[in-house]
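Below is one structure, written out as structure tokens; the observations come after it.
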Amino acid sequence: MGLKGKLIVSMEVKCGGHSIHDIFHTNTQHLPNISPSRIKHFEIHEGEKGKIGSVASWKYYEDGKEMYAKTVIEAIDPQKNSITWNAIEGNLLDLYNSFTVITSSEHQWITYTLVYEKKTEDTPEPLALLDYCIGVIKDVDGHLLKN
């Protein structure tokens with residue numbers, strides 16, 4: 001039996017949490033240009049961007065290594081400005097039985113929540129991915145402030 005965990009990071013952003021939510025919700029395809037040192041590629045395979053049930057793949061850099069994830073949007077909550085992605089393929093599922101990323105925003109805050117179940121007790125906490133998420137938030141905030 002695996003071990004369940006949850007890591008949460010909330011950051012104050014200068015551009016407003018709703019602006020970052022808009023990038024993740026409706027302009028996800030721009031993330032490789034906004035954060036090229038962290039996100040190499042984003043592609044929608046099924047459905048429409050920003051819609052429940054949409055399936056997308058991500059190539060990203062975590063701790064200097066190229067990683068891959070295929071995700072499905074499980075939920076969108078317009079009141080909480082939140083999106084829930086579940087990993088369905090990729091490197092995360094080598095270490096975890098399940099992995100979910102939830103982004104949410106309010107006012108000047110953006111929150112990432114990582115919910116996971118480790119395959120073994122020896123599996124590390126996904127701290128490198130949490131650090132990656134912080135970097136993406138900073139990149140998007142900086143990009144929006146320039147424009």
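Identifiers in the structure tokens: chain A, B, ... in order shown; residue index from 1 per chain; ligand index from 1 in order shown.
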Region 123-134 of chain A surroundings by only C-alpha atoms, 12 Å radius, close-in-sequence under 3 positions cut, as a PyMOL selection string = chain A and resi 2-13+35+37-39+60-65+67+91-97+99-103+110-120+137-141
Take the selection from the previous step and output its residues with N, CA and C atoms, as a compact mmCIF listing (two decimals), in the first residue's frame.
```
# COMPACT_ATOMS: atom_id res chain seq x y z
N GLY A 2 0.52 2.24 -0.81
CA GLY A 2 1.28 3.47 -0.91
C GLY A 2 0.98 4.42 0.22
N LEU A 3 1.75 5.48 0.26
CA LEU A 3 1.57 6.53 1.26
C LEU A 3 1.06 7.79 0.59
N LYS A 4 -0.03 8.33 1.11
CA LYS A 4 -0.62 9.52 0.53
C LYS A 4 0.03 10.77 1.11
N GLY A 5 0.11 11.80 0.28
CA GLY A 5 0.69 13.05 0.74
C GLY A 5 0.08 14.23 0.01
N LYS A 6 0.33 15.41 0.58
CA LYS A 6 -0.15 16.65 -0.01
C LYS A 6 0.88 17.73 0.31
N LEU A 7 1.31 18.44 -0.72
CA LEU A 7 2.19 19.59 -0.55
C LEU A 7 1.47 20.80 -1.14
N ILE A 8 1.55 21.92 -0.42
CA ILE A 8 0.85 23.13 -0.84
C ILE A 8 1.82 24.31 -0.77
N VAL A 9 1.80 25.10 -1.83
CA VAL A 9 2.54 26.36 -1.79
C VAL A 9 1.58 27.46 -2.25
N SER A 10 1.55 28.55 -1.48
CA SER A 10 0.78 29.74 -1.84
C SER A 10 1.75 30.89 -1.94
N MET A 11 1.65 31.63 -3.02
CA MET A 11 2.56 32.76 -3.24
C MET A 11 1.77 34.01 -3.59
N GLU A 12 2.23 35.10 -3.04
CA GLU A 12 1.67 36.38 -3.43
C GLU A 12 2.26 36.76 -4.78
N VAL A 13 1.42 37.21 -5.70
CA VAL A 13 1.87 37.61 -7.02
C VAL A 13 1.48 39.06 -7.27
N SER A 35 7.91 30.44 -19.96
CA SER A 35 8.82 29.78 -19.01
C SER A 35 9.66 28.72 -19.73
N SER A 37 12.74 27.85 -19.65
CA SER A 37 13.73 27.07 -18.89
C SER A 37 13.05 25.98 -18.06
N ARG A 38 11.72 26.02 -17.99
CA ARG A 38 10.99 25.04 -17.20
C ARG A 38 10.02 24.19 -18.02
N ILE A 39 9.44 24.77 -19.06
CA ILE A 39 8.45 24.06 -19.88
C ILE A 39 8.94 24.04 -21.32
N TYR A 60 8.75 19.00 -19.61
CA TYR A 60 9.21 20.05 -18.71
C TYR A 60 10.54 19.64 -18.09
N TYR A 61 11.19 20.61 -17.47
CA TYR A 61 12.48 20.37 -16.84
C TYR A 61 12.32 20.44 -15.33
N GLU A 62 12.67 19.36 -14.67
CA GLU A 62 12.62 19.30 -13.21
C GLU A 62 14.01 18.91 -12.73
N ASP A 63 14.62 19.76 -11.93
CA ASP A 63 15.97 19.50 -11.43
C ASP A 63 16.96 19.28 -12.57
N GLY A 64 16.77 19.99 -13.68
CA GLY A 64 17.67 19.89 -14.82
C GLY A 64 17.41 18.70 -15.74
N LYS A 65 16.45 17.86 -15.42
CA LYS A 65 16.14 16.68 -16.24
C LYS A 65 14.86 16.91 -17.01
N MET A 67 11.43 15.90 -18.32
CA MET A 67 10.39 15.01 -17.82
C MET A 67 9.20 15.09 -18.77
N ASN A 91 6.55 10.38 -16.22
CA ASN A 91 7.55 10.15 -15.20
C ASN A 91 6.99 10.14 -13.78
N LEU A 92 6.01 10.97 -13.51
CA LEU A 92 5.44 11.01 -12.16
C LEU A 92 4.87 9.65 -11.75
N LEU A 93 4.29 8.95 -12.71
CA LEU A 93 3.66 7.67 -12.38
C LEU A 93 4.67 6.53 -12.25
N ASP A 94 5.96 6.83 -12.52
CA ASP A 94 7.01 5.86 -12.20
C ASP A 94 7.20 5.75 -10.69
N LEU A 95 6.97 6.87 -9.98
CA LEU A 95 7.20 6.93 -8.54
C LEU A 95 5.91 6.94 -7.70
N TYR A 96 4.83 7.38 -8.33
CA TYR A 96 3.59 7.58 -7.59
C TYR A 96 2.45 6.80 -8.24
N ASN A 97 1.58 6.22 -7.42
CA ASN A 97 0.40 5.53 -7.93
C ASN A 97 -0.59 6.51 -8.54
N PHE A 99 -1.16 11.06 -9.06
CA PHE A 99 -0.59 12.39 -8.87
C PHE A 99 -1.57 13.40 -9.45
N THR A 100 -1.96 14.37 -8.61
CA THR A 100 -2.90 15.41 -8.99
C THR A 100 -2.28 16.77 -8.67
N VAL A 101 -2.45 17.71 -9.60
CA VAL A 101 -2.01 19.09 -9.39
C VAL A 101 -3.24 19.98 -9.45
N ILE A 102 -3.40 20.80 -8.42
CA ILE A 102 -4.52 21.74 -8.37
C ILE A 102 -3.95 23.15 -8.29
N THR A 103 -4.36 24.01 -9.21
CA THR A 103 -3.99 25.42 -9.13
C THR A 103 -5.25 26.20 -8.77
N ILE A 110 -1.68 32.93 -5.64
CA ILE A 110 -1.82 31.72 -6.44
C ILE A 110 -1.37 30.55 -5.57
N THR A 111 -2.10 29.46 -5.62
CA THR A 111 -1.79 28.29 -4.81
C THR A 111 -1.67 27.06 -5.70
N TYR A 112 -0.61 26.31 -5.49
CA TYR A 112 -0.42 25.00 -6.11
C TYR A 112 -0.58 23.96 -5.02
N THR A 113 -1.37 22.93 -5.27
CA THR A 113 -1.51 21.81 -4.35
C THR A 113 -1.15 20.53 -5.11
N LEU A 114 -0.20 19.80 -4.58
CA LEU A 114 0.20 18.52 -5.15
C LEU A 114 -0.36 17.42 -4.25
N VAL A 115 -1.18 16.54 -4.79
CA VAL A 115 -1.78 15.44 -4.04
C VAL A 115 -1.30 14.15 -4.71
N TYR A 116 -0.74 13.26 -3.90
CA TYR A 116 -0.09 12.09 -4.49
C TYR A 116 -0.16 10.89 -3.56
N GLU A 117 0.07 9.73 -4.15
CA GLU A 117 0.22 8.51 -3.39
C GLU A 117 1.51 7.85 -3.85
N LYS A 118 2.46 7.72 -2.93
CA LYS A 118 3.75 7.11 -3.25
C LYS A 118 3.58 5.62 -3.48
N LYS A 119 4.42 5.06 -4.36
CA LYS A 119 4.38 3.60 -4.58
C LYS A 119 5.02 2.84 -3.42
N THR A 120 6.07 3.45 -2.82
CA THR A 120 6.75 2.80 -1.69
C THR A 120 7.07 3.85 -0.64
N ILE A 137 5.35 29.89 -11.45
CA ILE A 137 4.57 31.02 -10.96
C ILE A 137 5.36 32.32 -11.12
N LYS A 138 6.62 32.29 -10.71
CA LYS A 138 7.46 33.50 -10.82
C LYS A 138 7.64 33.92 -12.27
N ASP A 139 7.85 32.95 -13.16
CA ASP A 139 8.01 33.27 -14.59
C ASP A 139 6.76 33.89 -15.17
N VAL A 140 5.59 33.33 -14.86
CA VAL A 140 4.33 33.86 -15.39
C VAL A 140 4.06 35.25 -14.81
N ASP A 141 4.28 35.42 -13.52
CA ASP A 141 4.09 36.73 -12.88
C ASP A 141 4.98 37.77 -13.55
```
task = Find the residues near Ile83 (chain A): any atom within 12 Å, counting only C-alpha atoms, skip ones fewer than 5 places away on the same chain, and give them as an MDAnalysis selection string.
result = chainID A and resid 20:26 28 49:54 71:78 100:105 110:113
Selection export as a compact mmCIF listing (two decimals), in the first residue's frame, atoms kept: C-alpha atoms:
```txt
# COMPACT_ATOMS: atom_id res chain seq x y z
CA ILE A 20 -2.08 33.73 -13.74
CA HIS A 21 -5.22 31.55 -13.62
CA ASP A 22 -6.16 32.87 -17.08
CA ILE A 23 -2.78 31.71 -18.44
CA PHE A 24 -3.27 28.20 -17.00
CA HIS A 25 -6.93 28.01 -18.01
CA THR A 26 -7.17 29.50 -21.49
CA THR A 28 -1.70 27.21 -21.55
CA LYS A 49 -7.98 23.73 -23.96
CA GLY A 50 -9.36 24.70 -20.60
CA LYS A 51 -12.25 22.20 -20.72
CA ILE A 52 -12.96 19.29 -18.37
CA GLY A 53 -11.83 16.03 -19.94
CA SER A 54 -9.14 17.62 -22.09
CA THR A 71 -2.65 14.96 -17.88
CA VAL A 72 -6.41 15.20 -17.98
CA ILE A 73 -8.39 18.15 -16.61
CA GLU A 74 -10.62 16.61 -13.95
CA ALA A 75 -12.28 19.74 -12.59
CA ILE A 76 -12.61 23.48 -13.09
CA ASP A 77 -14.15 25.69 -10.43
CA PRO A 78 -14.81 29.23 -11.72
CA THR A 100 -2.90 15.41 -8.99
CA VAL A 101 -2.01 19.09 -9.39
CA ILE A 102 -4.52 21.74 -8.37
CA THR A 103 -3.99 25.42 -9.13
CA SER A 104 -6.20 28.05 -7.57
CA SER A 105 -6.11 31.79 -7.18
CA ILE A 110 -1.82 31.72 -6.44
CA THR A 111 -1.79 28.29 -4.81
CA TYR A 112 -0.42 25.00 -6.11
CA THR A 113 -1.51 21.81 -4.35
```
Running DSSP on the backbone, which parts of region 20-147 of chain A land in helix (DSSP H, G or I), as a tab-separated table (two decimals) with C-alpha atoms, in the first residue's frame?
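The result, written out as part-v7.tsv:
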```tsv
chain	number	residue	atom	x	y	z
A	20	ILE	CA	-2.08	33.73	-13.74
A	21	HIS	CA	-5.22	31.55	-13.62
A	22	ASP	CA	-6.16	32.87	-17.08
A	23	ILE	CA	-2.78	31.71	-18.44
A	24	PHE	CA	-3.27	28.20	-17.00
A	25	HIS	CA	-6.93	28.01	-18.01
A	26	THR	CA	-7.17	29.50	-21.49
A	28	THR	CA	-1.70	27.21	-21.55
A	29	GLN	CA	-0.13	26.91	-25.00
A	30	HIS	CA	1.92	30.06	-24.24
A	31	LEU	CA	3.67	28.55	-21.19
A	32	PRO	CA	6.67	27.17	-23.16
A	33	ASN	CA	7.36	30.75	-24.38
A	34	ILE	CA	6.73	32.31	-20.96
A	92	LEU	CA	5.44	11.01	-12.16
A	93	LEU	CA	3.66	7.67	-12.38
A	94	ASP	CA	7.01	5.86	-12.20
A	95	LEU	CA	7.20	6.93	-8.54
A	127	LEU	CA	9.84	18.67	-3.45
A	128	ALA	CA	11.66	19.19	-6.76
A	129	LEU	CA	8.28	19.43	-8.51
A	130	LEU	CA	7.06	21.89	-5.88
A	131	ASP	CA	10.15	24.01	-6.54
A	132	TYR	CA	9.42	23.75	-10.26
A	133	CYS	CA	5.86	25.04	-9.64
A	134	ILE	CA	7.22	28.02	-7.71
A	135	GLY	CA	9.51	28.82	-10.62
A	136	VAL	CA	6.65	28.67	-13.12
A	137	ILE	CA	4.57	31.02	-10.96
A	138	LYS	CA	7.46	33.50	-10.82
A	139	ASP	CA	8.01	33.27	-14.59
A	140	VAL	CA	4.33	33.86	-15.39
A	141	ASP	CA	4.09	36.73	-12.88
A	142	GLY	CA	7.18	38.37	-14.39
A	143	HIS	CA	5.87	37.91	-17.93
A	144	LEU	CA	2.51	39.44	-17.12
A	145	LEU	CA	4.11	42.41	-15.37
A	146	LYS	CA	6.17	43.16	-18.51
```
message = Could you pull out the strand (DSSP E or B) residues of region 2-100 of chain A, going by DSSP on the backbone, and write them as number ranges by chain?
response = A: 3-12, 39-46, 55-62, 65-77, 82-90, 96-100
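Among the candidate residues A:His107, A:His18, A:Lys70, A:Lys80, the one lying nearest to Ile44 (chain A) is A:Lys70, with distances computed using only C-alpha atoms.
Here CA of Ser19 (chain A) stands at a distance of 9.4 Å from CA of Gln108 (chain A).
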